[in-house]
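Structure data follow from final.cif (mmCIF, C-alpha atoms):
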```
data_protein
loop_
_atom_site.group_PDB
_atom_site.id
_atom_site.type_symbol
_atom_site.label_atom_id
_atom_site.label_comp_id
_atom_site.auth_asym_id
_atom_site.auth_seq_id
_atom_site.Cartn_x
_atom_site.Cartn_y
_atom_site.Cartn_z
ATOM 1 C CA MET A 798 -58.332 8.131 138.833
ATOM 2 C CA ARG A 799 -56.284 9.353 141.789
ATOM 3 C CA GLY A 800 -52.810 10.548 140.843
ATOM 4 C CA SER A 801 -50.916 9.507 143.955
ATOM 5 C CA ARG A 802 -49.802 5.920 144.353
ATOM 6 C CA LEU A 803 -49.551 4.386 147.804
ATOM 7 C CA SER A 804 -46.548 2.590 149.249
ATOM 8 C CA ASP A 805 -46.988 -0.878 150.738
ATOM 9 C CA CYS A 806 -46.943 0.593 154.247
ATOM 10 C CA GLU A 807 -49.545 3.212 153.319
ATOM 11 C CA ILE A 808 -51.767 0.446 151.953
ATOM 12 C CA MET A 809 -51.403 -1.512 155.196
ATOM 13 C CA ILE A 810 -52.359 1.576 157.203
ATOM 14 C CA MET A 811 -55.388 2.129 154.980
ATOM 15 C CA GLN A 812 -56.381 -1.518 155.479
ATOM 16 C CA CYS A 813 -56.323 -0.903 159.242
ATOM 17 C CA VAL A 814 -58.558 2.144 158.788
ATOM 18 C CA TRP A 815 -60.942 0.313 156.446
ATOM 19 C CA ALA A 816 -61.154 -2.666 158.826
ATOM 20 C CA VAL A 817 -63.086 -0.681 161.436
ATOM 21 C CA ASP A 818 -66.417 1.097 161.167
ATOM 22 C CA TYR A 819 -65.385 4.048 163.317
ATOM 23 C CA ASP A 820 -62.826 6.835 163.255
ATOM 24 C CA ILE A 821 -59.512 5.435 164.444
ATOM 25 C CA SER A 822 -56.647 6.950 166.425
ATOM 26 C CA SER A 823 -52.984 6.669 165.511
ATOM 27 C CA LEU A 824 -52.404 4.493 168.593
ATOM 28 C CA GLU A 825 -55.123 2.090 167.416
ATOM 29 C CA ILE A 826 -53.530 2.050 163.955
ATOM 30 C CA GLN A 827 -50.136 1.301 165.505
ATOM 31 C CA LYS A 828 -51.639 -1.654 167.424
ATOM 32 C CA ALA A 829 -53.555 -2.875 164.348
ATOM 33 C CA MET A 830 -50.362 -2.826 162.260
ATOM 34 C CA LEU A 831 -48.710 -5.095 164.830
ATOM 35 C CA ASN A 832 -51.697 -7.446 165.167
ATOM 36 C CA LYS A 833 -52.659 -7.651 161.505
ATOM 37 C CA PHE A 834 -49.285 -7.443 159.758
ATOM 38 C CA GLN A 835 -46.738 -8.134 162.535
ATOM 39 C CA LYS A 836 -45.209 -4.727 161.770
ATOM 40 C CA LYS A 837 -43.955 -2.755 164.763
ATOM 41 C CA TYR A 838 -43.652 0.919 163.887
ATOM 42 C CA GLU A 839 -42.857 3.780 166.224
ATOM 43 C CA ARG A 840 -45.535 6.388 166.833
ATOM 44 C CA THR A 841 -43.573 8.947 164.820
ATOM 45 C CA THR A 842 -43.323 6.608 161.818
ATOM 46 C CA ILE A 843 -47.086 6.026 161.883
ATOM 47 C CA ALA A 844 -47.604 9.800 162.130
ATOM 48 C CA THR A 845 -45.413 10.349 159.055
ATOM 49 C CA PHE A 846 -47.400 7.849 156.994
ATOM 50 C CA LEU A 847 -50.700 9.314 158.213
ATOM 51 C CA LYS A 848 -49.578 12.795 157.130
ATOM 52 C CA LYS A 849 -48.651 11.452 153.686
ATOM 53 C CA LEU A 850 -52.069 9.776 153.387
ATOM 54 C CA LYS A 851 -53.758 13.050 154.328
ATOM 55 C CA ASP A 852 -51.648 14.929 151.762
ATOM 56 C CA LYS A 853 -52.746 12.389 149.126
ATOM 57 C CA ASN A 854 -56.409 12.892 150.153
ATOM 58 C CA PHE A 855 -56.897 9.329 151.341
ATOM 59 C CA LEU A 856 -57.527 10.357 154.965
ATOM 60 C CA MET A 857 -58.932 13.246 156.929
ATOM 61 C CA SER A 858 -58.310 13.877 160.608
ATOM 62 C CA TYR A 859 -59.745 15.737 163.542
ATOM 63 C CA GLN A 860 -58.720 16.160 167.147
ATOM 64 C CA LYS A 861 -60.762 15.411 170.284
ATOM 65 C CA GLY A 862 -58.859 16.500 173.349
ATOM 66 C CA VAL A 863 -55.323 15.214 172.900
ATOM 67 C CA VAL A 864 -56.267 12.354 170.561
ATOM 68 C CA VAL A 865 -56.240 12.700 166.766
ATOM 69 C CA TYR A 866 -58.709 10.524 164.871
ATOM 70 C CA TYR A 867 -58.569 9.482 161.221
ATOM 71 C CA ARG A 868 -61.293 8.689 158.690
ATOM 72 C CA ALA A 869 -60.932 7.287 155.176
ATOM 73 C CA LEU A 870 -61.887 9.619 152.329
ATOM 74 C CA VAL A 871 -61.518 6.785 149.809
ATOM 75 C CA SER A 872 -63.374 3.504 150.252
ATOM 76 C CA GLU A 873 -61.517 0.223 150.029
ATOM 77 C CA LYS A 874 -63.647 -0.808 147.052
ATOM 78 C CA GLU A 875 -62.920 2.457 145.207
ATOM 79 C CA PHE A 876 -59.187 2.013 145.861
ATOM 80 C CA GLN A 877 -59.260 -1.601 144.662
ATOM 81 C CA LYS A 878 -61.070 -0.632 141.465
ATOM 82 C CA GLU A 879 -58.569 2.142 140.702
ATOM 83 C CA GLU A 880 -55.572 -0.082 141.433
ATOM 84 C CA ALA A 881 -56.984 -2.941 139.346
ATOM 85 C CA GLN A 882 -57.575 -0.582 136.416
ATOM 86 C CA LEU A 883 -54.055 0.829 136.709
ATOM 87 C CA PHE A 884 -52.584 -2.692 136.948
ATOM 88 C CA LYS A 885 -54.518 -3.807 133.860
ATOM 89 C CA ASN A 886 -53.470 -0.728 131.883
ATOM 90 C CA THR A 887 -49.829 -0.788 132.967
ATOM 91 C CA ILE A 888 -48.975 -4.476 132.970
ATOM 92 C CA PHE A 889 -51.431 -5.853 130.402
ATOM 93 C CA GLU A 890 -51.551 -2.938 127.933
ATOM 94 C CA GLY A 891 -55.173 -2.266 128.889
ATOM 95 C CA SER A 892 -56.305 -5.736 127.845
ATOM 96 C CA PHE A 893 -58.762 -7.386 130.202
ATOM 97 C CA SER A 894 -58.446 -10.677 128.318
ATOM 98 C CA LYS A 895 -54.642 -10.703 128.795
ATOM 99 C CA LEU A 896 -55.137 -10.058 132.493
ATOM 100 C CA LEU A 897 -57.652 -12.891 132.808
ATOM 101 C CA SER A 898 -55.443 -15.246 130.816
ATOM 102 C CA ALA A 899 -52.522 -14.582 133.143
ATOM 103 C CA PHE A 900 -54.639 -15.414 136.176
ATOM 104 C CA ALA A 901 -56.258 -18.427 134.507
ATOM 105 C CA GLU A 902 -52.831 -19.845 133.621
ATOM 106 C CA SER A 903 -51.634 -19.385 137.187
ATOM 107 C CA GLU A 904 -50.961 -22.652 138.977
ATOM 108 C CA GLU A 905 -52.603 -21.183 142.077
ATOM 109 C CA LEU A 906 -56.059 -20.762 140.502
ATOM 110 C CA THR A 907 -58.312 -23.657 141.479
ATOM 111 C CA GLN A 908 -61.294 -24.791 139.456
ATOM 112 C CA GLU A 909 -63.593 -23.631 142.249
ATOM 113 C CA GLU A 910 -62.022 -20.156 142.196
ATOM 114 C CA ALA A 911 -62.367 -20.014 138.408
ATOM 115 C CA GLU A 912 -66.033 -20.992 138.628
ATOM 116 C CA ASP A 913 -66.684 -18.415 141.374
ATOM 117 C CA PHE A 914 -64.932 -15.787 139.298
ATOM 118 C CA MET A 915 -67.017 -16.583 136.229
ATOM 119 C CA GLU A 916 -70.215 -16.372 138.311
ATOM 120 C CA ASP A 917 -69.131 -12.982 139.687
ATOM 121 C CA ILE A 918 -68.294 -11.650 136.214
ATOM 122 C CA LEU A 919 -71.631 -12.830 134.845
ATOM 123 C CA ALA A 920 -73.506 -11.208 137.745
ATOM 124 C CA ILE A 921 -71.671 -7.894 137.254
ATOM 125 C CA TRP A 922 -72.144 -7.989 133.488
ATOM 126 C CA THR A 923 -75.854 -8.774 133.887
ATOM 127 C CA LYS A 924 -76.303 -5.771 136.213
ATOM 128 C CA LYS A 925 -74.483 -3.468 133.773
ATOM 129 C CA TYR A 926 -76.364 -4.504 130.649
#
```
Before anything else, please render the file you have as structure tokens.
Amino acid sequence: MRGSRLSDCEIMIMQCVWAVDYDISSLEIQKAMLNKFQKKYERTTIATFLKKLKDKNFLMSYQKGVVVYYRALVSEKEFQKEEAQLFKNTIFEGSFSKLLSAFAESEELTQEEAEDFMEDILAIWTKKY
């Protein structure tokens, strides 16, 4: 598991990177942050977050002419799995059943969502065993 946690803004930037299937420039990230999250950040602020993400080994970069492009080193799925595991271990003392119970007791969980979830769990479990 990766040692460095991401801030909310770093997660939003990563979501902008993951949303495209090509290497993305900081200007494109700045525009995506505005369009996707209604967050208007200056170019220098974006650059600071991009440097932090590179230092945490979430991104790599290269330059073509005057434009710097960024590429994810961690997939969105890998990040989600690590964060979910950390959440389960930290908040629910490592208990998957406690985690599921908390979501099942949530007023926001519909019957359809619960059924879809159970189908997904069964499919994953079947593949594993």
Query raised in the report: What do you get, as an MDAnalysis selection string, if you spell out every residue that the PyMOL selection byres ((chain A and resi 819-833) around 10) selects here?
Result: chainID A and resid 806 809:818 834:844 847 857:860 864:869
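Using all atoms listed in the file, the smallest distance between any of A:Leu919, A:Leu896, A:Leu803, A:Ala911 and Lys849 in chain A comes from A:Leu803.
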Requested in this report: Report the distance between CA of Ser903 in chain A and CA of Glu879 in chain A in Å, rounded to one decimal place.
Outcome: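 Distance between the two atoms: 22.9 Å.
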Query - Straight-line distance linking CA of Ile888 in chain A with CA of Asp805 in chain A, stated in Å to one decimal - result: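 Computing the Euclidean distance for CA of Ile888 in chain A and CA of Asp805 in chain A yields 18.2 Å.
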Requested in this report: Quote the spacing between CA of Lys885 in chain A and CA of Lys848 in chain A in Å to one decimal place.
Outcome: 29.0 Å
Report task. Quick one: everything within 12 Å of Phe884 in chain A, counting all atoms listed in the file, minus sequence neighbours fewer than 5 positions away in the same chain. Send it as a ChimeraX atom specification. Result -> /A:802,877-879,889-893,895-896
Only C-alpha atoms, please: the residues just picked out, written as a PDB file, keeping the file's coordinate frame.
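Done, and the output landed in selection_3.pdb:
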```pdb
ATOM      1  CA  ARG A 802     -49.802   5.920 144.353  1.00  0.00           C
ATOM      2  CA  GLN A 877     -59.260  -1.601 144.662  1.00  0.00           C
ATOM      3  CA  LYS A 878     -61.070  -0.632 141.465  1.00  0.00           C
ATOM      4  CA  GLU A 879     -58.569   2.142 140.702  1.00  0.00           C
ATOM      5  CA  PHE A 889     -51.431  -5.853 130.402  1.00  0.00           C
ATOM      6  CA  GLU A 890     -51.551  -2.938 127.933  1.00  0.00           C
ATOM      7  CA  GLY A 891     -55.173  -2.266 128.889  1.00  0.00           C
ATOM      8  CA  SER A 892     -56.305  -5.736 127.845  1.00  0.00           C
ATOM      9  CA  PHE A 893     -58.762  -7.386 130.202  1.00  0.00           C
ATOM     10  CA  LYS A 895     -54.642 -10.703 128.795  1.00  0.00           C
ATOM     11  CA  LEU A 896     -55.137 -10.058 132.493  1.00  0.00           C
TER      12      LEU A 896
END
```
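With distances restricted to all atoms listed in the file, A:Ala901 is the closest residue to Met915 in chain A from A:Ser872, A:Val863, A:Ala901, A:Phe846.
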